[in-house]
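**Student:** Sending over coords09.txt (compact mmCIF, C-alpha atoms and all ligand atoms).
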# COMPACT_ATOMS: atom_id res chain seq x y z
CA MET A 1 -90.70 -13.05 -27.54
CA ASN A 2 -91.31 -12.50 -31.25
CA ASP A 3 -89.11 -10.31 -33.48
CA ASP A 4 -91.62 -7.41 -33.67
CA HIS A 5 -91.89 -7.20 -29.92
CA PHE A 6 -88.11 -7.31 -29.57
CA GLU A 7 -87.71 -4.53 -32.19
CA LYS A 8 -90.22 -2.36 -30.32
CA LEU A 9 -88.39 -2.88 -27.03
CA LEU A 10 -85.08 -1.91 -28.67
CA GLU A 11 -86.63 1.24 -30.18
CA GLU A 12 -88.08 2.21 -26.80
CA LEU A 13 -84.73 1.68 -25.11
CA GLN A 14 -82.96 3.73 -27.79
CA ARG A 15 -85.49 6.59 -27.35
CA LYS A 16 -85.00 6.49 -23.57
CA ILE A 17 -81.19 6.68 -23.94
CA GLU A 18 -81.47 9.57 -26.41
CA TYR A 19 -83.90 11.41 -24.12
CA GLU A 20 -81.52 11.03 -21.15
CA GLU A 21 -78.56 12.23 -23.27
CA GLU A 22 -80.50 15.31 -24.36
CA GLU A 23 -81.43 16.05 -20.75
CA THR A 24 -77.77 15.87 -19.67
CA TYR A 25 -75.70 17.23 -22.57
CA SER A 26 -75.87 20.23 -24.91
CA LYS A 27 -76.76 19.66 -28.56
CA VAL A 28 -73.14 20.45 -29.52
CA VAL A 29 -71.73 17.81 -27.15
CA ILE A 30 -74.14 15.19 -28.54
CA ARG A 31 -73.25 16.10 -32.14
CA GLU A 32 -69.49 15.98 -31.49
CA TYR A 33 -69.77 12.72 -29.58
CA ARG A 34 -71.93 10.95 -32.15
CA LYS A 35 -69.91 12.14 -35.17
CA PRO A 36 -66.47 13.10 -33.89
CA SER A 37 -64.01 14.93 -36.14
CA ASN A 38 -60.30 14.12 -36.20
CA PHE A 39 -60.50 10.82 -34.32
CA GLY A 40 -57.33 8.79 -34.86
CA MET A 41 -53.60 9.40 -34.99
CA ILE A 42 -51.31 11.17 -37.46
CA GLU A 43 -48.62 8.90 -38.83
CA ASN A 44 -45.16 10.21 -37.78
CA PRO A 45 -46.57 13.32 -36.10
CA ASP A 46 -44.37 16.33 -35.29
CA THR A 47 -45.41 15.87 -31.70
CA LEU A 48 -47.60 13.71 -29.51
CA GLY A 49 -49.33 14.41 -26.19
CA ASP A 50 -50.29 11.47 -24.02
CA VAL A 51 -52.02 12.02 -20.66
CA LYS A 52 -53.93 9.79 -18.27
CA GLY A 53 -56.60 11.70 -16.32
CA PRO A 54 -57.52 11.20 -12.65
CA CYS A 55 -60.49 9.05 -13.78
CA GLY A 56 -58.03 6.55 -15.35
CA ASP A 57 -58.93 7.41 -18.96
CA THR A 58 -56.26 8.36 -21.47
CA MET A 59 -56.16 10.89 -24.29
CA LYS A 60 -53.56 11.26 -27.03
CA ILE A 61 -53.24 14.24 -29.37
CA SER A 62 -50.96 14.15 -32.39
CA LEU A 63 -50.07 17.33 -34.27
CA ARG A 64 -48.64 18.26 -37.65
CA ILE A 65 -46.85 21.61 -37.30
CA GLU A 66 -45.51 23.81 -40.08
CA ASP A 67 -44.08 27.33 -39.60
CA ARG A 68 -45.13 27.15 -35.94
CA LYS A 69 -48.76 26.69 -37.01
CA ILE A 70 -50.93 23.64 -36.33
CA ARG A 71 -51.78 22.27 -39.74
CA SER A 72 -53.44 19.10 -38.54
CA ALA A 73 -54.61 17.75 -35.17
CA TYR A 74 -56.00 14.31 -34.32
CA PHE A 75 -57.03 12.79 -31.01
CA TRP A 76 -57.55 9.33 -29.57
CA THR A 77 -59.18 8.39 -26.27
CA ASP A 78 -60.50 5.40 -24.39
CA GLY A 79 -62.57 7.78 -22.27
CA CYS A 80 -66.25 8.69 -22.01
CA GLY A 81 -68.51 10.33 -24.60
CA ALA A 82 -67.85 13.79 -23.14
CA THR A 83 -64.11 13.24 -23.68
CA ILE A 84 -64.73 12.28 -27.30
CA ALA A 85 -66.74 15.52 -27.74
CA CYS A 86 -63.89 17.47 -26.07
CA GLY A 87 -61.21 15.91 -28.31
CA SER A 88 -63.28 16.53 -31.41
CA MET A 89 -64.03 20.18 -30.60
CA LEU A 90 -60.52 20.94 -29.34
CA THR A 91 -58.76 19.56 -32.43
CA LYS A 92 -61.09 21.65 -34.63
CA MET A 93 -60.50 24.80 -32.55
CA ILE A 94 -56.69 24.67 -32.70
CA LYS A 95 -56.33 23.83 -36.38
CA GLY A 96 -54.68 26.84 -38.05
CA GLU A 97 -53.66 28.42 -34.75
CA ASN A 98 -50.02 29.14 -33.97
CA LEU A 99 -48.38 27.30 -31.07
CA GLU A 100 -48.72 30.24 -28.66
CA GLU A 101 -52.45 30.61 -29.34
CA ALA A 102 -53.02 26.87 -28.97
CA ALA A 103 -50.98 26.78 -25.72
CA ASP A 104 -53.29 29.47 -24.29
CA THR A 105 -56.39 27.31 -24.79
CA THR A 106 -58.25 26.80 -21.52
CA SER A 107 -60.82 24.24 -20.54
CA GLU A 108 -63.26 27.17 -20.03
CA ARG A 109 -62.87 28.11 -23.70
CA LEU A 110 -63.43 24.50 -24.72
CA ILE A 111 -66.51 24.20 -22.49
CA ASP A 112 -67.91 27.44 -23.99
CA ALA A 113 -67.45 26.05 -27.51
CA LEU A 114 -69.32 22.90 -26.42
CA GLU A 115 -72.11 25.07 -24.94
CA GLY A 116 -71.49 23.60 -21.51
CA LEU A 117 -70.61 20.32 -19.83
CA PRO A 118 -72.19 18.74 -16.77
CA GLU A 119 -70.21 19.31 -13.57
CA GLU A 120 -69.16 15.66 -13.35
CA HIS A 121 -67.52 15.90 -16.79
CA ILE A 122 -65.55 19.12 -16.35
CA HIS A 123 -62.45 16.99 -15.75
CA CYS A 124 -62.85 15.51 -19.27
CA SER A 125 -62.29 18.97 -20.79
CA LYS A 126 -59.23 19.38 -18.54
CA LEU A 127 -57.87 16.05 -19.77
CA ALA A 128 -58.19 17.25 -23.39
CA VAL A 129 -56.50 20.60 -22.68
CA ASP A 130 -53.73 18.95 -20.58
CA THR A 131 -53.04 16.55 -23.46
CA LEU A 132 -52.75 19.45 -25.89
CA GLN A 133 -50.34 21.26 -23.51
CA ASN A 134 -48.33 18.03 -23.20
CA ALA A 135 -48.09 17.77 -27.01
CA ILE A 136 -46.89 21.39 -27.28
CA GLU A 137 -44.35 20.94 -24.44
CA ASN A 138 -43.02 17.79 -26.12
CA TYR A 139 -42.66 19.72 -29.38
CA HIS A 140 -40.55 22.42 -27.69
CA LYS A 141 -38.43 19.78 -25.90
CA LYS A 142 -37.81 18.02 -29.21
CA LYS A 143 -36.85 21.27 -30.94
CA ASN A 144 -34.54 22.26 -28.07
CA SER A 145 -32.77 18.90 -28.11
CA GLU A 146 -32.34 19.14 -31.92
CA ASN A 147 -30.90 22.65 -31.63
CA PRO A 148 -29.85 23.48 -28.04
CA SER A 149 -28.62 26.99 -28.98
CA LEU A 150 -32.24 28.12 -29.81
FE1 LIG B 1 -62.73 9.80 -17.81
FE2 LIG B 1 -64.49 11.49 -19.08
S1 LIG B 1 -62.36 11.30 -19.30
S2 LIG B 1 -64.87 10.11 -17.44
How does the structure come out when it is put into C-alpha cells?
Ligand code: FES
**Tutor:**
Amino acid sequence: MNDDHFEKLLEELQRKIEYEEEETYSKVVIREYRKPSNFGMIENPDTLGDVKGPCGDTMKISLRIEDRKIRSAYFWTDGCGATIACGSMLTKMIKGENLEEAADTTSERLIDALEGLPEEHIHCSKLAVDTLQNAIENYHKKKNSENPSL
C-alpha cells in the first residue's frame, strides 16, 4: 500500500468516526469532549472528591474554595468521552457558585447543559455529580474536624 492510499484510508476512517459521533452525541458533548476545560488537578486543593462509578471508571474533582464560594474546579477521569464532557461542563457550571448551590446540582441539570446524553451514558453524568457531592462532603468533614464546635 502506498502512502497516498494509506492517507486516504485514514481520512475515510476519521470521517466515519466523526459521523458516528455526531449521530450519537449532541454538538455540546462533542465540543466539551474534544476540547475539555478544567482537566487536571489543583495542587493542594481545599477539597477532593474521588468516586469510582459502577462501570469501573473513576472521576476526581478538586476544588479551591474561598468564602464558601467555588473559585476554581478541576476534574480528572480515566472514563469515557461522555464522562470527560460531563467533567468539563460540570466544573464550568459550578465555578463561582456557593457550596449550597453546587451541592444542589443534579445530573438532570448537567444533562440539560450538555443538550442531552444517550441513555447508555446517563450514568457518566451521575458519576460526575456524585464526585462533586463527595468533594463537598469531604470539605464539610474537614471543616468540622478542624473546628468541632461549628
Ligand atoms: Fe464509565 Fe462513562 S464513566 S462509561
**Student:** Step by step, measure atom-to-atom distances between ligand LIG 1 (chain B) and each residue using all atoms listed in the file, keep those at most 7 Å, then write them as an NGL selection string.
**Tutor:** :A and (53 or 55-57 or 79-83 or 121 or 123-124 or 127)
**Student:** Between region 81-110 of chain A and region 26-30 of chain A, at 12 Å or less, what are the per-residue closest atom pairs and their distances in Å? Count only C-alpha atoms, order by chain and rising residue number, and return it as JSON lines.
**Tutor:**
{"residue": "A:Gly81", "atom": "CA", "partner": "A:Ile30", "partner_atom": "CA", "distance": 8.4}
{"residue": "A:Ala82", "atom": "CA", "partner": "A:Val29", "partner_atom": "CA", "distance": 6.9}
{"residue": "A:Thr83", "atom": "CA", "partner": "A:Val29", "partner_atom": "CA", "distance": 9.5}
{"residue": "A:Ile84", "atom": "CA", "partner": "A:Val29", "partner_atom": "CA", "distance": 8.9}
{"residue": "A:Ala85", "atom": "CA", "partner": "A:Val29", "partner_atom": "CA", "distance": 5.5}
{"residue": "A:Cys86", "atom": "CA", "partner": "A:Val29", "partner_atom": "CA", "distance": 7.9}
{"residue": "A:Gly87", "atom": "CA", "partner": "A:Val29", "partner_atom": "CA", "distance": 10.8}
{"residue": "A:Ser88", "atom": "CA", "partner": "A:Val29", "partner_atom": "CA", "distance": 9.5}
{"residue": "A:Met89", "atom": "CA", "partner": "A:Val29", "partner_atom": "CA", "distance": 8.8}
{"residue": "A:Leu90", "atom": "CA", "partner": "A:Val29", "partner_atom": "CA", "distance": 11.8}
{"residue": "A:Leu110", "atom": "CA", "partner": "A:Val29", "partner_atom": "CA", "distance": 10.9}
**Student:** Please report the interatomic distance between CA of Glu100 (chain A) and CA of Ala135 (chain A) in Å with one decimal.
**Tutor:**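 Spanning CA of Glu100 (chain A) to CA of Ala135 (chain A) is a straight-line distance of 12.6 Å.
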**Student:** Which is closest to Thr91 (chain A) among A:Ser107, A:Asp112, A:Arg31, A:Ser37, if we use only C-alpha atoms?
**Tutor:** A:Ser37
**Student:** What is the CA of Thr24 (chain A)-CA of Glu120 (chain A) distance in Å, reported with one decimal?
**Tutor:**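 So the answer is 10.7 Å.
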**Student:** Can you work out the spacing between CA of Asn134 (chain A) and CA of Arg34 (chain A) in Å, to one decimal?
**Tutor:**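 We find that CA of Asn134 (chain A) and CA of Arg34 (chain A) lie 26.2 Å from each other.
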**Student:** Give me, as an MDAnalysis selection string, all polymer residues having an atom no more than 8 Å from Leu99 (chain A), counting only C-alpha atoms and skipping those fewer than 3 positions away in the same chain.
**Tutor:** chainID A and resid 68:70 102:103 136
**Student:** Phe75 (chain A): which residues within 6 Å, counting all atoms listed in the file, same-chain residues fewer than 5 positions away excluded, as a list in words?
**Tutor:**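 The residues satisfying every condition are Phe39, Gly40, Lys60, Ile61 and Gly87 of chain A.
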**Student:** Counting all atoms listed in the file, which residues sit no farther than 7 Å from the position (-50.7, 11.4, -26.4) in the file's frame? I'd like them as a list in words.
**Tutor:**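 Residues with an atom close enough to that point: Leu48, Gly49, Asp50, Val51, Met59, Lys60, Ile61, Ser62, Thr131 and Ala135 of chain A.
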